[in-house]
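File shown: model_30.tsv (TSV, C-alpha atoms).
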chain	number	residue	atom	x	y	z
A	1	MET	CA	-1.76	-30.77	26.00
A	2	SER	CA	0.82	-32.92	24.20
A	3	ARG	CA	1.99	-31.55	20.89
A	4	ILE	CA	2.67	-33.88	17.99
A	5	GLU	CA	6.08	-34.28	16.40
A	6	PRO	CA	5.57	-35.42	12.78
A	7	LEU	CA	8.09	-37.99	11.55
A	8	GLN	CA	8.35	-37.86	7.76
A	9	HIS	CA	10.69	-40.82	7.51
A	10	ALA	CA	10.36	-44.50	8.16
A	11	GLY	CA	11.55	-45.96	11.44
A	12	THR	CA	14.87	-47.41	12.47
A	13	TYR	CA	16.04	-50.90	13.32
A	14	GLU	CA	18.76	-52.35	15.52
A	15	ILE	CA	19.93	-55.96	15.35
A	16	LEU	CA	20.13	-57.00	19.01
A	17	THR	CA	21.70	-60.40	18.36
A	18	PRO	CA	25.48	-60.01	18.78
A	19	LEU	CA	27.26	-60.10	15.43
A	20	GLU	CA	29.53	-62.98	16.43
A	21	PHE	CA	26.46	-65.10	17.29
A	22	LEU	CA	24.68	-64.08	14.10
A	23	ARG	CA	27.60	-65.10	11.90
A	24	ILE	CA	27.90	-68.53	13.52
A	25	MET	CA	24.25	-69.39	12.77
A	26	PRO	CA	24.89	-70.71	9.22
A	27	GLN	CA	27.42	-73.21	10.63
A	28	ILE	CA	24.82	-74.40	13.13
A	29	ILE	CA	22.39	-74.77	10.24
A	30	GLU	CA	24.90	-76.84	8.26
A	31	ARG	CA	25.70	-79.07	11.24
A	32	ALA	CA	21.98	-79.61	11.86
A	33	GLY	CA	21.22	-80.20	8.19
A	34	ARG	CA	23.97	-82.79	7.76
A	35	THR	CA	22.47	-84.82	10.59
A	36	SER	CA	19.82	-86.05	8.19
A	37	TYR	CA	22.31	-88.04	6.09
A	38	GLN	CA	25.02	-88.28	8.77
A	39	SER	CA	27.26	-86.41	6.34
A	40	TYR	CA	28.97	-84.29	8.98
A	41	ARG	CA	31.42	-87.00	9.99
A	42	ASP	CA	35.05	-86.32	9.10
A	43	ARG	CA	33.98	-82.99	7.59
A	44	GLU	CA	35.15	-79.55	8.68
A	45	ILE	CA	32.32	-77.04	8.81
A	46	THR	CA	33.50	-73.51	8.07
A	47	ALA	CA	31.93	-70.16	7.28
A	48	GLU	CA	32.54	-70.83	3.58
A	49	SER	CA	31.03	-74.33	3.64
A	50	ALA	CA	28.04	-73.07	5.65
A	51	GLU	CA	27.35	-70.30	3.13
A	52	LYS	CA	27.27	-72.84	0.29
A	53	PHE	CA	25.17	-75.24	2.34
A	54	CYS	CA	22.53	-72.61	3.16
A	55	ARG	CA	22.36	-71.54	-0.47
A	56	MET	CA	21.88	-75.19	-1.51
A	57	LEU	CA	19.04	-75.63	0.99
A	58	ILE	CA	17.25	-72.57	-0.35
A	59	GLU	CA	17.71	-73.57	-4.00
A	60	ARG	CA	16.21	-76.99	-3.27
A	61	GLY	CA	13.38	-75.64	-1.14
A	62	HIS	CA	14.57	-77.33	2.08
A	63	GLU	CA	14.14	-74.20	4.17
A	64	SER	CA	12.97	-76.01	7.31
A	65	VAL	CA	16.65	-76.53	8.18
A	66	LEU	CA	17.05	-72.74	8.37
A	67	GLU	CA	14.87	-72.82	11.48
A	68	HIS	CA	17.96	-73.85	13.50
A	69	SER	CA	18.76	-70.14	13.91
A	70	SER	CA	17.60	-67.00	15.65
A	71	MET	CA	17.81	-63.24	15.21
A	72	THR	CA	16.34	-60.47	17.38
A	73	VAL	CA	15.68	-57.00	15.95
A	74	ARG	CA	14.37	-53.84	17.62
A	75	PHE	CA	12.27	-51.46	15.52
A	76	ASP	CA	11.71	-47.89	16.66
A	77	GLY	CA	10.22	-44.70	15.24
A	78	CYS	CA	7.57	-46.71	13.42
A	79	SER	CA	3.81	-46.34	13.58
A	80	ARG	CA	1.31	-48.64	15.23
A	81	GLY	CA	0.27	-49.52	11.69
A	82	PHE	CA	3.79	-50.88	11.12
A	83	THR	CA	3.67	-52.97	14.28
A	84	HIS	CA	0.15	-54.22	13.50
A	85	GLU	CA	1.51	-55.69	10.26
A	86	LEU	CA	4.61	-57.14	11.86
A	87	VAL	CA	2.80	-59.01	14.65
A	88	ARG	CA	0.73	-60.84	12.04
A	89	HIS	CA	3.78	-63.05	11.39
A	90	ARG	CA	2.76	-65.79	13.78
A	91	LEU	CA	6.07	-67.69	13.87
A	92	ALA	CA	7.87	-64.63	15.24
A	93	SER	CA	7.97	-63.56	18.90
A	94	PRO	CA	7.16	-59.85	19.45
A	95	THR	CA	7.37	-57.62	22.52
A	96	GLN	CA	5.81	-54.22	21.91
A	97	GLU	CA	5.46	-50.86	23.61
A	98	SER	CA	2.14	-50.95	25.44
A	99	THR	CA	-0.45	-48.22	24.95
A	100	ARG	CA	-2.16	-49.51	28.10
A	101	TYR	CA	0.70	-48.38	30.35
A	102	VAL	CA	2.53	-45.63	28.44
A	103	ASP	CA	1.10	-42.15	29.04
A	104	TYR	CA	1.24	-40.26	25.75
A	105	ARG	CA	0.84	-36.92	27.48
A	106	LEU	CA	4.32	-37.19	28.95
A	107	ASP	CA	6.96	-37.45	26.26
A	108	GLU	CA	8.88	-34.21	26.86
A	109	GLY	CA	5.75	-32.35	25.81
A	110	LYS	CA	5.65	-34.02	22.40
A	111	VAL	CA	4.24	-37.22	20.96
A	112	ALA	CA	5.83	-38.48	17.74
A	113	VAL	CA	3.58	-39.56	14.88
A	114	VAL	CA	4.51	-41.05	11.51
A	115	VAL	CA	3.04	-39.28	8.48
A	116	PRO	CA	2.90	-40.61	4.89
A	117	PRO	CA	5.41	-39.45	2.28
A	118	GLY	CA	4.43	-37.18	-0.56
A	119	LEU	CA	2.00	-34.91	1.30
A	120	ASP	CA	1.91	-31.43	-0.20
A	121	ALA	CA	1.87	-28.34	2.06
A	122	VAL	CA	-1.93	-28.21	2.31
A	123	GLY	CA	-2.28	-31.97	2.76
A	124	PHE	CA	0.47	-32.07	5.39
A	125	ASP	CA	-1.07	-29.27	7.46
A	126	SER	CA	-4.53	-30.83	7.30
A	127	PHE	CA	-3.21	-34.30	8.16
A	128	THR	CA	-1.20	-33.10	11.16
A	129	ARG	CA	-4.12	-30.98	12.44
A	130	ASP	CA	-6.31	-34.08	12.50
A	131	LEU	CA	-3.63	-36.03	14.35
A	132	GLN	CA	-3.24	-33.19	16.84
A	133	ALA	CA	-7.01	-33.20	17.43
A	134	ALA	CA	-6.88	-36.92	18.26
A	135	LEU	CA	-4.01	-36.40	20.72
A	136	ASP	CA	-5.82	-33.44	22.31
A	137	ALA	CA	-8.88	-35.63	22.85
A	138	TYR	CA	-6.66	-38.30	24.43
A	139	SER	CA	-5.02	-35.76	26.74
A	140	ARG	CA	-8.35	-34.25	27.81
A	141	THR	CA	-9.72	-37.69	28.59
A	142	ARG	CA	-6.64	-38.61	30.63
A	143	ASP	CA	-6.79	-35.27	32.48
A	144	ARG	CA	-10.38	-36.07	33.47
A	145	GLY	CA	-9.11	-39.20	35.17
A	146	MET	CA	-9.62	-41.96	32.61
A	147	ARG	CA	-6.94	-44.63	32.78
A	148	SER	CA	-4.56	-45.00	29.85
A	149	ASN	CA	-5.78	-48.53	29.05
A	150	SER	CA	-9.18	-47.03	28.17
A	151	ALA	CA	-8.12	-43.63	26.86
A	152	ARG	CA	-5.90	-45.35	24.28
A	153	GLN	CA	-9.00	-45.93	22.16
A	154	LEU	CA	-8.53	-42.32	21.03
A	155	LEU	CA	-4.92	-42.77	19.91
A	156	PRO	CA	-4.32	-42.63	16.13
A	157	ILE	CA	-2.64	-45.53	14.34
A	158	ALA	CA	0.08	-43.08	13.25
A	159	ILE	CA	1.45	-42.80	16.79
A	160	LYS	CA	5.11	-43.83	17.12
A	161	SER	CA	5.78	-47.22	18.62
A	162	GLU	CA	8.64	-49.57	19.43
A	163	ILE	CA	8.76	-53.34	19.04
A	164	VAL	CA	11.32	-56.13	19.44
A	165	VAL	CA	10.93	-59.22	17.25
A	166	THR	CA	12.73	-62.57	17.43
A	167	ALA	CA	12.43	-65.14	14.64
A	168	ASN	CA	14.45	-67.80	12.89
A	169	PHE	CA	15.97	-67.18	9.47
A	170	ARG	CA	13.21	-69.02	7.65
A	171	GLU	CA	10.59	-66.74	9.15
A	172	TRP	CA	12.71	-63.63	8.50
A	173	ARG	CA	12.88	-64.72	4.84
A	174	HIS	CA	9.09	-65.01	4.83
A	175	ILE	CA	8.79	-61.53	6.36
A	176	PHE	CA	11.11	-60.07	3.73
A	177	SER	CA	9.28	-61.81	0.89
A	178	LEU	CA	6.05	-60.06	1.91
A	179	ARG	CA	7.23	-56.76	3.38
A	180	CYS	CA	9.98	-55.88	0.90
A	181	ASP	CA	7.92	-56.59	-2.22
A	182	ARG	CA	6.28	-53.89	-4.31
A	183	PRO	CA	2.71	-54.29	-2.93
A	184	ALA	CA	3.91	-53.84	0.68
A	185	HIS	CA	3.03	-50.71	2.64
A	186	TRP	CA	5.58	-47.92	2.17
A	187	GLU	CA	6.61	-47.66	5.83
A	188	ILE	CA	7.37	-51.29	6.57
A	189	ARG	CA	8.86	-51.77	3.08
A	190	GLU	CA	11.44	-49.04	3.59
A	191	VAL	CA	12.61	-50.35	6.96
A	192	MET	CA	12.63	-54.01	5.94
A	193	CYS	CA	14.51	-53.30	2.72
A	194	ARG	CA	17.26	-51.56	4.69
A	195	LEU	CA	17.46	-54.49	7.12
A	196	LEU	CA	17.53	-56.97	4.23
A	197	VAL	CA	20.41	-55.17	2.51
A	198	GLU	CA	22.49	-55.29	5.71
A	199	LEU	CA	21.77	-58.99	6.20
A	200	GLN	CA	22.75	-59.79	2.62
A	201	SER	CA	26.29	-58.66	3.41
A	202	THR	CA	26.33	-60.08	6.94
A	203	LEU	CA	24.85	-63.50	6.10
A	204	PRO	CA	25.64	-64.35	2.45
A	205	GLY	CA	23.96	-67.53	1.34
A	206	VAL	CA	20.91	-66.96	3.55
A	207	PHE	CA	19.35	-63.79	2.14
A	208	ASP	CA	21.16	-63.08	-1.15
A	209	ASP	CA	18.45	-64.55	-3.39
A	210	PHE	CA	16.43	-61.33	-2.90
A	211	VAL	CA	17.06	-58.92	-5.76
A	212	TYR	CA	16.52	-55.18	-6.13
A	213	GLY	CA	13.34	-54.40	-8.05
A	214	GLY	CA	13.61	-50.61	-8.34
A	215	GLN	CA	11.42	-47.95	-6.75
A	216	CYS	CA	7.66	-47.63	-6.46
A	217	GLY	CA	5.68	-44.48	-7.13
A	218	ASP	CA	6.35	-43.43	-3.53
A	219	GLY	CA	10.09	-43.34	-4.27
A	220	ILE	CA	10.85	-46.24	-1.91
A	221	ASP	CA	12.86	-49.30	-2.93
A	222	TRP	CA	11.44	-52.78	-3.22
A	223	TYR	CA	13.03	-56.24	-3.36
A	224	ALA	CA	11.67	-59.57	-4.49
A	225	ARG	CA	12.84	-63.12	-4.06
A	226	LEU	CA	14.45	-64.60	-7.16
A	227	LEU	CA	13.34	-68.21	-7.49
A	228	SER	CA	15.91	-70.79	-8.52
A	229	ASP	CA	15.20	-72.91	-11.60
A	230	THR	CA	14.56	-75.87	-9.31
A	231	LEU	CA	11.89	-74.07	-7.30
A	232	PHE	CA	10.39	-72.41	-10.36
A	233	ASN	CA	9.98	-75.75	-12.15
A	234	ARG	CA	8.57	-77.30	-8.98
A	235	GLN	CA	5.97	-74.54	-8.73
A	236	VAL	CA	5.02	-75.01	-12.39
A	237	LYS	CA	4.60	-78.75	-11.82
A	238	LEU	CA	2.48	-78.21	-8.69
A	239	ARG	CA	0.31	-75.67	-10.53
A	240	LYS	CA	-0.31	-78.18	-13.32
A	241	LEU	CA	-1.23	-80.88	-10.81
A	242	ARG	CA	-3.67	-78.53	-9.06
A	243	ASP	CA	-5.23	-77.57	-12.40
A	244	GLN	CA	-5.64	-81.23	-13.33
A	245	ALA	CA	-7.22	-82.02	-9.98
A	246	THR	CA	-9.58	-79.07	-10.32
A	247	ARG	CA	-10.64	-80.09	-13.83
A	248	GLY	CA	-11.12	-83.66	-12.64
A	249	SER	CA	-13.37	-82.62	-9.78
A	250	HIS	CA	-15.46	-80.45	-12.10
A	251	GLU	CA	-15.80	-83.25	-14.64
A	252	GLY	CA	-16.77	-85.68	-11.91

For this file, write the structure as structure tokens.
Amino acid sequence: MSRIEPLQHAGTYEILTPLEFLRIMPQIIERAGRTSYQSYRDREITAESAEKFCRMLIERGHESVLEHSSMTVRFDGCSRGFTHELVRHRLASPTQESTRYVDYRLDEGKVAVVVPPGLDAVGFDSFTRDLQAALDAYSRTRDRGMRSNSARQLLPIAIKSEIVVTANFREWRHIFSLRCDRPAHWEIREVMCRLLVELQSTLPGVFDDFVYGGQCGDGIDWYARLLSDTLFNRQVKLRKLRDQATRGSHEG
């Protein structure tokens, strides 16, 4: 039987896009964005000008121009629950470890599972026993000849998985706005916050409007997007227009 290996920490990430390609993306964004007004003529586009240009786009809410970019990230040591949340971002392209073809009896005698933080000694033992029981049932079923694409129904959501995700910067910003914020699940929040912090130093002007919010009760950091005055006022105006339309429809 496979034995479980509890992982009491969130997973890891690796940016697969070469750094030199990643750092040139803001200049591509500026060149693409200036096409709209033909303002690229007789203008030198540099890393410094691109940083300012990206920040201007974000402050004005013109984030569609950020889609002229791409970044690929590999996530490992995370649970299937983590990957289930990540693949819900429909504008990203995921490739994930398949439970149909991977045999979870054969991982050097152990199968890694991700357990929640903050479990006391009794809770931890009970939780891991239940996970072990699920893996034992999986192994028995496989030993009796059931194929992995059917036996996987017995696998717990805590089982470790690996996934590679490609998305443009606009979609990565959307992912961070949801998965780094306080209501996000602890596992994906911890990993995404670490990735966000690295990108803030690697790509200034693209991700630096996310600010540290502190720690939640689980002791894990959270970040939230800081809206510019322009976007904040625009949201207030849109909210007022929606309220007026709603009142008008009710009165009618």

**Counting all atoms listed in the file, the residue of A:Phe21, A:Phe124, A:Tyr104, A:Trp186 that sits nearest Cys78 of chain A** =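 The closest residue to Cys78 of chain A is A:Trp186.
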
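The nearest approach to Arg55 of chain A among the residues A:Gly205, A:Pro116, A:Gly123, A:Pro18, with only C-alpha atoms taken into account, belongs to A:Gly205.
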
**Between atom CA of Ser177 of chain A and atom CA of Asp209 of chain A - distance in Å to one decimal** =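 Atom CA of Ser177 of chain A lies 10.5 Å from atom CA of Asp209 of chain A.
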
**Item:** Polymer residues at most 12 Å from His185 of chain A, all atoms listed in the file, same-chain spacing of 3 or more positions, as a VMD selection string
**Value:** chain A and resid 10 79 81 to 86 116 to 117 178 to 182 188 to 193 216 to 218 220 to 222

Could you write out as lines of an AutoDock Vina configuration file the box around segment 236-247 of chain A (axis-aligned, all atoms listed in the file, 5 Å on each side), with centre and edge lengths in Å to one decimal?
center_x = -2.8
center_y = -78.5
center_z = -11.3
size_x = 25.7
size_y = 17.0
size_z = 15.1

Report as a tab-separated table the residues of segment 31-93 of chain A within 12 Å of segment 167-176 of chain A, each with its shortest atom pair and distance in Å (one decimal), using all atoms listed in the file, ordered by chain and increasing residue number.
residue	atom	partner	partner_atom	distance
A:Cys54	CA	A:Phe169	CA	10.6
A:Leu57	CA	A:Arg170	CA	11.0
A:Ile58	CA	A:Arg170	CA	9.6
A:Gly61	CA	A:Arg170	CA	11.0
A:His62	CA	A:Arg170	CA	10.1
A:Glu63	CA	A:Arg170	CA	6.3
A:Ser64	CA	A:Arg170	CA	7.0
A:Val65	CA	A:Arg170	CA	8.3
A:Leu66	CA	A:Arg170	CA	5.4
A:Glu67	CA	A:Asn168	CA	5.2
A:His68	CA	A:Asn168	CA	7.0
A:Ser69	CA	A:Asn168	CA	5.0
A:Ser70	CA	A:Asn168	CA	4.3
A:Met71	CA	A:Ala167	CA	5.7
A:Thr72	CA	A:Ala167	CA	6.7
A:Val73	CA	A:Ala167	CA	8.9
A:Arg74	CA	A:Ala167	CA	11.8
A:Glu85	CA	A:Ile175	CA	10.1
A:Leu86	CA	A:Ile175	CA	8.2
A:Val87	CA	A:Ile175	CA	10.5
A:Arg88	CA	A:Ile175	CA	9.9
A:His89	CA	A:Ile175	CA	7.3
A:Arg90	CA	A:Glu171	CA	9.1
A:Leu91	CA	A:Glu171	CA	6.6
A:Ala92	CA	A:Ala167	CA	4.6
A:Ser93	CA	A:Ala167	CA	6.4

**Request:** Take atom CA of Tyr37 of chain A and atom CA of Met25 of chain A and report the distance between them in Å, one decimal.
**Result:** 19.9 Å

**Request:** Go through A:Val113, A:Ala245, A:Ser148, A:Leu203 one by one, measure the shortest atom-to-atom distance of each to Ser98 of chain A using only C-alpha atoms, and give the residue with the smallest value.
**Result:** A:Ser148

**Message:** Please list as a ChimeraX atom specification every residue within 12 Å of segment 149-156 of chain A, counting only C-alpha atoms and excluding residues in the same chain fewer than 5 positions away.
**Reply:** /A:4,79-81,98-105,111-115,127-128,130-144,161

**Asked** Hey, can you check how far atom CA of Asp42 of chain A sits from atom CA of Phe207 of chain A?
**Response**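 So the answer is 28.3 Å.
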
Would you pick out the contacts of Glu51 of chain A at 10 Å or less, using all atoms listed in the file, so that residues sharing its chain but fewer than 4 positions from it are not included, and give the list as a JSON list (two decimals) with C-alpha atoms, keeping the file's coordinate frame?
[["chain", "number", "residue", "atom", "x", "y", "z"],
["A", 26, "PRO", "CA", 24.89, -70.71, 9.22],
["A", 27, "GLN", "CA", 27.42, -73.21, 10.63],
["A", 29, "ILE", "CA", 22.39, -74.77, 10.24],
["A", 30, "GLU", "CA", 24.90, -76.84, 8.26],
["A", 46, "THR", "CA", 33.50, -73.51, 8.07],
["A", 47, "ALA", "CA", 31.93, -70.16, 7.28],
["A", 55, "ARG", "CA", 22.36, -71.54, -0.47],
["A", 56, "MET", "CA", 21.88, -75.19, -1.51],
["A", 203, "LEU", "CA", 24.85, -63.50, 6.10],
["A", 204, "PRO", "CA", 25.64, -64.35, 2.45],
["A", 205, "GLY", "CA", 23.96, -67.53, 1.34],
["A", 206, "VAL", "CA", 20.91, -66.96, 3.55]]

**Asked** Which one is closest to Lys110 of chain A: A:Gly77, A:Pro6, A:Gly213, A:Pro183? Count all atoms listed in the file.
**Response**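 Using all atoms listed in the file, the shortest distance to Lys110 of chain A belongs to A:Pro6.
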
**Request:** List every protein, DNA or RNA residue that has at least one atom no more than 8 Å from (9.1, -56.2, 22.6) in the file's coordinates, counting only C-alpha atoms, and write the result as a list in words.
**Result:**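 So the residues meeting the distance criterion are Arg74, Pro94, Thr95, Gln96, Glu97, Glu162, Ile163, Val164 and Val165 of chain A.
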
Go ahead and write the selection's residues with C-alpha atoms as a JSON list (two decimals), in the frame of the given file.
[["chain", "number", "residue", "atom", "x", "y", "z"],
["A", 74, "ARG", "CA", 14.37, -53.84, 17.62],
["A", 94, "PRO", "CA", 7.16, -59.85, 19.45],
["A", 95, "THR", "CA", 7.37, -57.62, 22.52],
["A", 96, "GLN", "CA", 5.81, -54.22, 21.91],
["A", 97, "GLU", "CA", 5.46, -50.86, 23.61],
["A", 162, "GLU", "CA", 8.64, -49.57, 19.43],
["A", 163, "ILE", "CA", 8.76, -53.34, 19.04],
["A", 164, "VAL", "CA", 11.32, -56.13, 19.44],
["A", 165, "VAL", "CA", 10.93, -59.22, 17.25]]

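Considering the residues A:Leu196, A:Ile159, A:Leu238, A:Val211 and counting all atoms listed in the file, Arg225 of chain A has its shortest atom-to-atom contact with A:Val211.
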
Render segment 168-186 of chain A from the structure in the preceding block as a file of C-alpha atoms, as a PDB file, in the first residue's frame.
ATOM      1  CA  ASN A 168      -1.361  37.282 -20.354  1.00  0.00           C
ATOM      2  CA  PHE A 169      -0.636  39.969 -17.769  1.00  0.00           C
ATOM      3  CA  ARG A 170      -4.229  41.162 -17.660  1.00  0.00           C
ATOM      4  CA  GLU A 171      -5.434  37.703 -16.716  1.00  0.00           C
ATOM      5  CA  TRP A 172      -2.617  37.260 -14.180  1.00  0.00           C
ATOM      6  CA  ARG A 173      -3.757  40.530 -12.584  1.00  0.00           C
ATOM      7  CA  HIS A 174      -7.290  39.133 -12.422  1.00  0.00           C
ATOM      8  CA  ILE A 175      -5.981  35.928 -10.831  1.00  0.00           C
ATOM      9  CA  PHE A 176      -4.050  37.907  -8.220  1.00  0.00           C
ATOM     10  CA  SER A 177      -7.021  40.147  -7.456  1.00  0.00           C
ATOM     11  CA  LEU A 178      -9.085  37.077  -6.523  1.00  0.00           C
ATOM     12  CA  ARG A 179      -6.515  34.632  -5.156  1.00  0.00           C
ATOM     13  CA  CYS A 180      -4.350  37.019  -3.123  1.00  0.00           C
ATOM     14  CA  ASP A 181      -7.246  38.764  -1.391  1.00  0.00           C
ATOM     15  CA  ARG A 182      -8.337  37.998   2.160  1.00  0.00           C
ATOM     16  CA  PRO A 183     -11.355  35.773   1.294  1.00  0.00           C
ATOM     17  CA  ALA A 184      -9.199  33.474  -0.878  1.00  0.00           C
ATOM     18  CA  HIS A 185      -8.425  29.923   0.226  1.00  0.00           C
ATOM     19  CA  TRP A 186      -5.278  29.713   2.361  1.00  0.00           C
TER      20      TRP A 186
END
